[in-house]
Amino acid sequence: MAVPDSRIPAAPPDPGARSVASLPGVGPALVEALARLGLERVQDLWFHLPLRYEDRTRVSAIADLRPGERAQVVATVEAVERGFRYRPQLKVAVGDGPNQTLLLRFFHFRRSQAEQFQPGMRLLCYGEVRQAAQGLEMVHPQYRRLEGEEPVALEDRLTPVYPTTEGLGQKRIAGVVAKALALLPPEAELELIAPALCARHGLSSLREALLYVHRPPPDARQAELALGRHPAQQRLAFEELLTQHLSLKRLRAAVRRRRAPSLEGDGGLRRRWLEGLPFRLTGAQQRVAREVLTDMAAAKPMLRLVQGDVGSGKTAVACHAALAAVEAGYQVALMAPTELLAEQHLRNFRHWLQPLGVEVEWLAGKQQGKARRAAMQRVAEGGAPIAVGTHALMQEGVAFGRLGLVIVDEQHRFGVQQRLTLRDKGRDGERVPHQLVLTATPIPRTLAMSAYADLDVSAIDELPPGRTPVQTIAVSNARRAEVIERIHAACAEGRQAYWVCTLIEESEQLRAQAAEAAFAELTHALVGCRVGLVHGRMKPKEKQAVMDAFKAGELAVLVATTVIEVGVDVPNASLMVIENSERLGLAQLHQLRGRVGRGAVASSCVLLYQPPLGQLARERLQVMRETNDGFRIAEKDLELRGPGEVLGTRQTGQLAFRIADLARDAALLPAVQAVGEVMLARHPREAERLIERWVGGAARYVHA
Ligand code: ADP
Ligand code: MG
């Protein structure tokens, strides 16, 4: 241990960096519960913000209650009734004046609880007021018995409601947060953004913002708070967005410091391939391919995202890049999110490249034993120029001899973390492969600026010629028979159709069952048509056999789960029915619909829905009917669902913002970028500390 130098005053230990265990009264059980919420250090608690607030600063008279509001009332029990019709329920009528009655309704209750309510008893209740047939009511209100004439203690601040976890009640978590807040250092120590920058961008005090959001005064603008648009919340959102921006930039800088092989082939393979193609690349494909090749020719690793709508021809751009790498004597890894899609790439690439004498190796998760070992060996020795596969490519043990280019067909399913894992496979000394990410759903500019700040972006903004827009209609499930009849008619004309079963929440097994039920129904109804079935529980071989039969036109109708969402390419299929379309998000609907409209015939898509439609679902279906433009759909999607869903990163946690919401806070991004640039250039230590503060032990973002 170093001996402290007595001439230099020791830096004050940062209270935010201490473990939550150092707080008074926080024992191991609480530490463990907090850890489940990702709260390990004192500063994690500072930034653990309320989900919403309850106003217990006043008591409302029952006469003033309005449906939809949350309110606190003091009232006396007038009558108690236990009912058992349909399901057990407990109804407690309370009043605070003549003819001023409110019904408290409970569906889950213990007997002792039911017996506890006695006429004449005074209660303090808090809950959401609802309009019921007989008058106003609260369902499962919070309540407390008031003893005799006990006065009601009103809060002097709005009561925060925190995100929490099982076994950790609101009172306790609010208690620890309060203890953590007591350790907030003075502004000058807490603030990591230089004063000049704060002044230039109008950033208010961080300390005050934190104190405000944890304990808003009674006169706070509650509507604004509820929407996360209060200036105090915006101040914190700014800091969170800034941190994410900095961490992605840092990641990118770290990668850029490495070296990559300069991949400049002689163009021979590419020329022969282009000559053999049955089509000419579109202008957009050519432009993007040039951008990619320019990157690959440099000795710095490429990190490029190619975005292009469904069917825009990203595969051809990927193949073009792959051939350039192969010409230069390097290997290429191509990864896809699902086995089905990976297999499709495999077949495409083999079809294109075998005539050129370029071998394409298959490396998938389910492949076992000898075949796998042999494939891995060829990859390791550098003998296989191109390897296609799923995540298995990234698993331990798959080493590449001379990996020069990694292509990730992302479709939003890979996170930054995964992008890095594979890149590490190619490390040889300091050299890393170039990286190309393909993504199908166009990413709105705001998202590209933040979520993909570590990548350069190219857009294939033109579809191959001859595509006809898909006609889309929404039809209630009540008219299912008509829809089936329509398929029957279409198939009689030699057209092919997809019937997509969607059950999003359920397990793969339930999804398979739903598909099997639809399969049985259609097989029965579509006399004279051959119907096939594919779902995620089938073996890859079986799936492939069915897909091949459909592609060959031997099946008229393919019943499928959303396994066909990505990449499946059968140009003759011109009709698609999507069941329970009201449950799907826009991005997914757009992906699915992209399976039709690939040939020259006019295609149509029927969105079957189960009424009644909620507001959101209605809007989504409306958007789908109005447009085929992936960009507009993506923007609408962002507006309706928020970025976590749009990017599909819920699972990976890559974009698990605590406070910020990219759709709501997009207006902050230009300033975030500006501040970020100055900080990286002039205040790298503060930038580092900011990342440490927000990322810390919970590792929400990726470290380079
Ligand atoms: P996505 O961008 O959705 O991955 P694909 O690469 O699967 O699209 O291409 C969709 C279809 O369009 C494929 O059948 C492909 O062969 C075809 N295609 C690609 N580029 C062109 C082009 N320039 N002209 C005509 N057809 C093309
Ligand atoms: Mg594709």
# chains A, B, ... in the order shown; residues from 1 in each chain; ligands from 1
call {"tool": "residues_near_ligand", "arguments": {"ligand": "ligand 2", "cutoff": "12 Å", "atoms": "only C-alpha atoms and all ligand atoms", "output": "JSON, numbers by chain"}}
result
{"A": [306, 307, 308, 309, 310, 311, 312, 313, 314, 315, 316, 317, 318, 319, 334, 335, 336, 337, 338, 340, 341, 342, 343, 344, 345, 346, 348, 407, 408, 409, 410, 411, 437, 438, 439, 440, 441, 564, 565, 566, 567, 568, 569, 591, 594, 595]}
call {"tool": "residues_around", "arguments": {"residues": "Leu690 (chain A)", "least_positions_apart": "3", "cutoff": "8 Å", "atoms": "only C-alpha atoms", "output": "VMD selection string"}}
result
chain A and resid 192 243 686 to 687 693 to 694
call {"tool": "closest_residue", "arguments": {"among": "A:Leu403, A:Val213, A:Leu533, A:Ala671", "to": "Val332 (chain A)", "atoms": "only C-alpha atoms"}}
result
A:Leu403
call {"tool": "residues_around", "arguments": {"residues": "region 377-389 of chain A", "least_positions_apart": "6", "cutoff": "7 Å", "atoms": "only C-alpha atoms", "output": "list of chain:residue names"}}
result
A:Val326, A:Tyr330, A:Gln331, A:Val332, A:Ala333, A:Leu334, A:Met335, A:Ala336, A:Ala342, A:Leu346, A:Glu359, A:Val360, A:Glu361, A:Trp362, A:Leu363, A:Ala364, A:Ala399, A:Phe400, A:Gly401, A:Arg402
call {"tool": "write_last_selection", "arguments": {"atoms": "N, CA, C and O atoms", "output": "PDB file, in the first residue's frame"}}
result
ATOM      1  N   VAL A 326     -12.111 -11.808 -50.040  1.00  0.00           N
ATOM      2  CA  VAL A 326     -11.568 -13.080 -50.514  1.00  0.00           C
ATOM      3  C   VAL A 326     -10.473 -12.837 -51.564  1.00  0.00           C
ATOM      4  O   VAL A 326      -9.422 -13.469 -51.549  1.00  0.00           O
ATOM      5  N   TYR A 330      -8.270 -12.982 -47.630  1.00  0.00           N
ATOM      6  CA  TYR A 330      -8.764 -13.057 -46.259  1.00  0.00           C
ATOM      7  C   TYR A 330     -10.084 -13.814 -46.176  1.00  0.00           C
ATOM      8  O   TYR A 330     -10.744 -14.047 -47.190  1.00  0.00           O
ATOM      9  N   GLN A 331     -10.447 -14.186 -44.933  1.00  0.00           N
ATOM     10  CA  GLN A 331     -11.694 -14.909 -44.716  1.00  0.00           C
ATOM     11  C   GLN A 331     -12.827 -13.964 -44.328  1.00  0.00           C
ATOM     12  O   GLN A 331     -12.594 -12.877 -43.783  1.00  0.00           O
ATOM     13  N   VAL A 332     -14.042 -14.444 -44.558  1.00  0.00           N
ATOM     14  CA  VAL A 332     -15.227 -13.657 -44.254  1.00  0.00           C
ATOM     15  C   VAL A 332     -16.154 -14.491 -43.370  1.00  0.00           C
ATOM     16  O   VAL A 332     -16.358 -15.674 -43.630  1.00  0.00           O
ATOM     17  N   ALA A 333     -16.696 -13.885 -42.321  1.00  0.00           N
ATOM     18  CA  ALA A 333     -17.723 -14.546 -41.509  1.00  0.00           C
ATOM     19  C   ALA A 333     -19.026 -13.803 -41.726  1.00  0.00           C
ATOM     20  O   ALA A 333     -19.070 -12.582 -41.649  1.00  0.00           O
ATOM     21  N   LEU A 334     -20.079 -14.548 -42.013  1.00  0.00           N
ATOM     22  CA  LEU A 334     -21.400 -13.941 -42.192  1.00  0.00           C
ATOM     23  C   LEU A 334     -22.347 -14.551 -41.168  1.00  0.00           C
ATOM     24  O   LEU A 334     -22.537 -15.758 -41.125  1.00  0.00           O
ATOM     25  N   MET A 335     -22.920 -13.699 -40.340  1.00  0.00           N
ATOM     26  CA  MET A 335     -23.792 -14.198 -39.275  1.00  0.00           C
ATOM     27  C   MET A 335     -25.199 -13.677 -39.433  1.00  0.00           C
ATOM     28  O   MET A 335     -25.400 -12.528 -39.789  1.00  0.00           O
ATOM     29  N   ALA A 336     -26.144 -14.536 -39.088  1.00  0.00           N
ATOM     30  CA  ALA A 336     -27.541 -14.118 -39.136  1.00  0.00           C
ATOM     31  C   ALA A 336     -28.206 -14.472 -37.811  1.00  0.00           C
ATOM     32  O   ALA A 336     -27.748 -15.365 -37.104  1.00  0.00           O
ATOM     33  N   ALA A 342     -29.874 -17.761 -41.742  1.00  0.00           N
ATOM     34  CA  ALA A 342     -28.489 -18.132 -42.028  1.00  0.00           C
ATOM     35  C   ALA A 342     -28.443 -19.136 -43.172  1.00  0.00           C
ATOM     36  O   ALA A 342     -27.612 -19.040 -44.070  1.00  0.00           O
ATOM     37  N   LEU A 346     -26.692 -18.953 -46.765  1.00  0.00           N
ATOM     38  CA  LEU A 346     -25.791 -20.023 -47.208  1.00  0.00           C
ATOM     39  C   LEU A 346     -26.140 -20.420 -48.642  1.00  0.00           C
ATOM     40  O   LEU A 346     -25.274 -20.518 -49.511  1.00  0.00           O
ATOM     41  N   GLU A 359     -15.519 -21.524 -51.969  1.00  0.00           N
ATOM     42  CA  GLU A 359     -16.243 -22.413 -51.060  1.00  0.00           C
ATOM     43  C   GLU A 359     -16.937 -21.624 -49.954  1.00  0.00           C
ATOM     44  O   GLU A 359     -16.389 -20.646 -49.439  1.00  0.00           O
ATOM     45  N   VAL A 360     -18.136 -22.056 -49.579  1.00  0.00           N
ATOM     46  CA  VAL A 360     -18.847 -21.422 -48.466  1.00  0.00           C
ATOM     47  C   VAL A 360     -19.093 -22.468 -47.387  1.00  0.00           C
ATOM     48  O   VAL A 360     -19.754 -23.476 -47.622  1.00  0.00           O
ATOM     49  N   GLU A 361     -18.535 -22.236 -46.222  1.00  0.00           N
ATOM     50  CA  GLU A 361     -18.614 -23.191 -45.116  1.00  0.00           C
ATOM     51  C   GLU A 361     -19.854 -22.910 -44.270  1.00  0.00           C
ATOM     52  O   GLU A 361     -20.272 -21.763 -44.127  1.00  0.00           O
ATOM     53  N   TRP A 362     -20.426 -23.955 -43.677  1.00  0.00           N
ATOM     54  CA  TRP A 362     -21.636 -23.804 -42.849  1.00  0.00           C
ATOM     55  C   TRP A 362     -21.296 -24.076 -41.386  1.00  0.00           C
ATOM     56  O   TRP A 362     -20.772 -25.120 -41.041  1.00  0.00           O
ATOM     57  N   LEU A 363     -21.580 -23.149 -40.526  1.00  0.00           N
ATOM     58  CA  LEU A 363     -21.322 -23.321 -39.095  1.00  0.00           C
ATOM     59  C   LEU A 363     -22.560 -22.907 -38.320  1.00  0.00           C
ATOM     60  O   LEU A 363     -22.778 -21.727 -38.105  1.00  0.00           O
ATOM     61  N   ALA A 364     -23.363 -23.894 -37.930  1.00  0.00           N
ATOM     62  CA  ALA A 364     -24.582 -23.528 -37.218  1.00  0.00           C
ATOM     63  C   ALA A 364     -24.590 -24.139 -35.839  1.00  0.00           C
ATOM     64  O   ALA A 364     -23.797 -25.024 -35.523  1.00  0.00           O
ATOM     65  N   ALA A 399     -12.273 -20.470 -34.229  1.00  0.00           N
ATOM     66  CA  ALA A 399     -11.195 -19.524 -34.481  1.00  0.00           C
ATOM     67  C   ALA A 399     -11.001 -19.427 -35.984  1.00  0.00           C
ATOM     68  O   ALA A 399     -11.125 -20.416 -36.688  1.00  0.00           O
ATOM     69  N   PHE A 400     -10.727 -18.239 -36.440  1.00  0.00           N
ATOM     70  CA  PHE A 400     -10.483 -18.062 -37.868  1.00  0.00           C
ATOM     71  C   PHE A 400      -8.993 -17.895 -38.110  1.00  0.00           C
ATOM     72  O   PHE A 400      -8.303 -17.236 -37.333  1.00  0.00           O
ATOM     73  N   GLY A 401      -8.518 -18.484 -39.171  1.00  0.00           N
ATOM     74  CA  GLY A 401      -7.105 -18.337 -39.496  1.00  0.00           C
ATOM     75  C   GLY A 401      -6.767 -16.921 -39.939  1.00  0.00           C
ATOM     76  O   GLY A 401      -5.840 -16.297 -39.429  1.00  0.00           O
ATOM     77  N   ARG A 402      -7.544 -16.378 -40.862  1.00  0.00           N
ATOM     78  CA  ARG A 402      -7.250 -15.067 -41.441  1.00  0.00           C
ATOM     79  C   ARG A 402      -8.531 -14.283 -41.648  1.00  0.00           C
ATOM     80  O   ARG A 402      -8.889 -13.938 -42.773  1.00  0.00           O
TER      81      ARG A 402
END
call {"tool": "atom_distance", "arguments": {"atom1": "CA of Ser458 (chain A)", "atom2": "CA of Ile691 (chain A)"}}
result
28.3 Å
call {"tool": "residues_around", "arguments": {"residues": "Glu147 (chain A)", "least_positions_apart": "4", "cutoff": "12 Å", "atoms": "only C-alpha atoms", "output": "list in words"}}
result
Thr76, Gly120, Met121, Arg122, Leu123, Leu124, Pro151 and Val152 of chain A
call {"tool": "closest_residue", "arguments": {"among": "A:Glu78, A:Asp461, A:Asp55, A:Glu149", "to": "ligand 1", "atoms": "only C-alpha atoms and all ligand atoms"}}
result
A:Asp461
call {"tool": "select_by_dssp", "arguments": {"residues": "region 23-140 of chain A", "states": "strand (DSSP E or B)", "output": "VMD selection string"}}
result
chain A and resid 41 52 to 54 70 to 83 89 to 95 101 to 106 122 to 132 135 to 139
call {"tool": "closest_residue", "arguments": {"among": "A:Leu168, A:Ala237, A:Val31, A:Leu206", "to": "Ile659 (chain A)", "atoms": "only C-alpha atoms"}}
result
A:Ala237
call {"tool": "residues_around", "arguments": {"residues": "Thr164 (chain A)", "least_positions_apart": "2", "cutoff": "12 Å", "atoms": "only C-alpha atoms", "output": "compact mmCIF listing (two decimals) with N, CA, C and O atoms, in the first residue's frame"}}
result
# COMPACT_ATOMS: atom_id res chain seq x y z
N LEU A 30 -31.06 -6.65 2.08
CA LEU A 30 -31.42 -5.46 1.32
C LEU A 30 -30.41 -5.23 0.19
O LEU A 30 -30.78 -4.89 -0.94
N ALA A 33 -31.38 -7.47 -2.56
CA ALA A 33 -32.57 -7.01 -3.29
C ALA A 33 -32.21 -5.83 -4.20
O ALA A 33 -32.65 -5.75 -5.34
N LEU A 34 -31.39 -4.93 -3.69
CA LEU A 34 -31.01 -3.76 -4.48
C LEU A 34 -30.18 -4.19 -5.69
O LEU A 34 -30.31 -3.65 -6.79
N ALA A 35 -29.33 -5.20 -5.48
CA ALA A 35 -28.49 -5.68 -6.58
C ALA A 35 -29.36 -6.20 -7.72
O ALA A 35 -29.02 -6.04 -8.89
N ARG A 36 -30.48 -6.80 -7.36
CA ARG A 36 -31.38 -7.29 -8.41
C ARG A 36 -31.90 -6.16 -9.27
O ARG A 36 -32.30 -6.34 -10.40
N LEU A 37 -31.92 -4.96 -8.70
CA LEU A 37 -32.36 -3.79 -9.47
C LEU A 37 -31.17 -3.10 -10.13
O LEU A 37 -31.30 -2.02 -10.68
N GLY A 38 -29.99 -3.71 -10.00
CA GLY A 38 -28.79 -3.10 -10.58
C GLY A 38 -28.28 -1.95 -9.74
O GLY A 38 -27.54 -1.10 -10.21
N LEU A 39 -28.67 -1.91 -8.48
CA LEU A 39 -28.27 -0.81 -7.60
C LEU A 39 -27.21 -1.30 -6.63
O LEU A 39 -27.52 -2.01 -5.67
N LEU A 45 -28.28 4.73 -6.55
CA LEU A 45 -29.54 5.12 -5.90
C LEU A 45 -29.91 6.56 -6.25
O LEU A 45 -31.08 6.89 -6.40
N HIS A 48 -31.69 6.35 -9.42
CA HIS A 48 -32.83 5.44 -9.49
C HIS A 48 -34.08 6.30 -9.33
O HIS A 48 -34.50 6.61 -8.23
N LEU A 49 -34.67 6.66 -10.44
CA LEU A 49 -35.73 7.67 -10.39
C LEU A 49 -37.12 7.06 -10.25
O LEU A 49 -37.37 5.95 -10.69
N PRO A 50 -38.00 7.83 -9.62
CA PRO A 50 -39.38 7.35 -9.46
C PRO A 50 -40.03 7.08 -10.81
O PRO A 50 -39.77 7.76 -11.79
N LEU A 51 -40.88 6.07 -10.80
CA LEU A 51 -41.69 5.76 -11.98
C LEU A 51 -42.81 6.77 -12.12
O LEU A 51 -43.22 7.13 -13.20
N PRO A 160 -42.76 9.64 -4.07
CA PRO A 160 -42.24 8.93 -5.24
C PRO A 160 -42.62 7.46 -5.20
O PRO A 160 -42.72 6.86 -4.13
N VAL A 161 -42.87 6.88 -6.36
CA VAL A 161 -43.08 5.44 -6.46
C VAL A 161 -41.93 4.92 -7.31
O VAL A 161 -41.80 5.28 -8.48
N TYR A 162 -41.07 4.10 -6.69
CA TYR A 162 -39.86 3.65 -7.37
C TYR A 162 -40.05 2.31 -8.07
O TYR A 162 -40.82 1.47 -7.60
N GLU A 166 -39.42 -7.84 -6.00
CA GLU A 166 -40.15 -8.59 -5.00
C GLU A 166 -39.47 -8.53 -3.63
O GLU A 166 -38.26 -8.61 -3.53
N GLY A 167 -40.26 -8.34 -2.63
CA GLY A 167 -39.71 -8.32 -1.28
C GLY A 167 -39.14 -6.99 -0.86
O GLY A 167 -38.60 -6.85 0.23
N LEU A 168 -39.21 -6.01 -1.74
CA LEU A 168 -38.69 -4.70 -1.38
C LEU A 168 -39.81 -3.68 -1.58
O LEU A 168 -40.13 -3.29 -2.70
N GLY A 169 -40.41 -3.29 -0.46
CA GLY A 169 -41.58 -2.40 -0.53
C GLY A 169 -41.17 -0.96 -0.81
O GLY A 169 -40.01 -0.59 -0.69
N GLN A 170 -42.17 -0.15 -1.18
CA GLN A 170 -41.91 1.26 -1.49
C GLN A 170 -41.28 2.01 -0.33
O GLN A 170 -40.38 2.80 -0.52
N LYS A 171 -41.77 1.74 0.87
CA LYS A 171 -41.25 2.47 2.03
C LYS A 171 -39.76 2.24 2.19
O LYS A 171 -38.98 3.15 2.42
N ARG A 172 -39.37 0.97 2.04
CA ARG A 172 -37.96 0.65 2.27
C ARG A 172 -37.08 1.25 1.19
O ARG A 172 -36.04 1.82 1.46
N ILE A 173 -37.51 1.10 -0.05
CA ILE A 173 -36.64 1.61 -1.10
C ILE A 173 -36.56 3.13 -1.04
O ILE A 173 -35.49 3.72 -1.19
N ALA A 174 -37.69 3.77 -0.72
CA ALA A 174 -37.66 5.22 -0.58
C ALA A 174 -36.72 5.61 0.56
O ALA A 174 -35.99 6.60 0.48
N VAL A 177 -33.09 5.32 -0.65
CA VAL A 177 -32.78 6.40 -1.59
C VAL A 177 -32.55 7.69 -0.80
O VAL A 177 -31.60 8.44 -1.07
call {"tool": "closest_residue", "arguments": {"among": "A:Ser112, A:Thr282, A:Gln673, A:Ser19", "to": "ligand 1", "atoms": "only C-alpha atoms and all ligand atoms"}}
result
A:Thr282
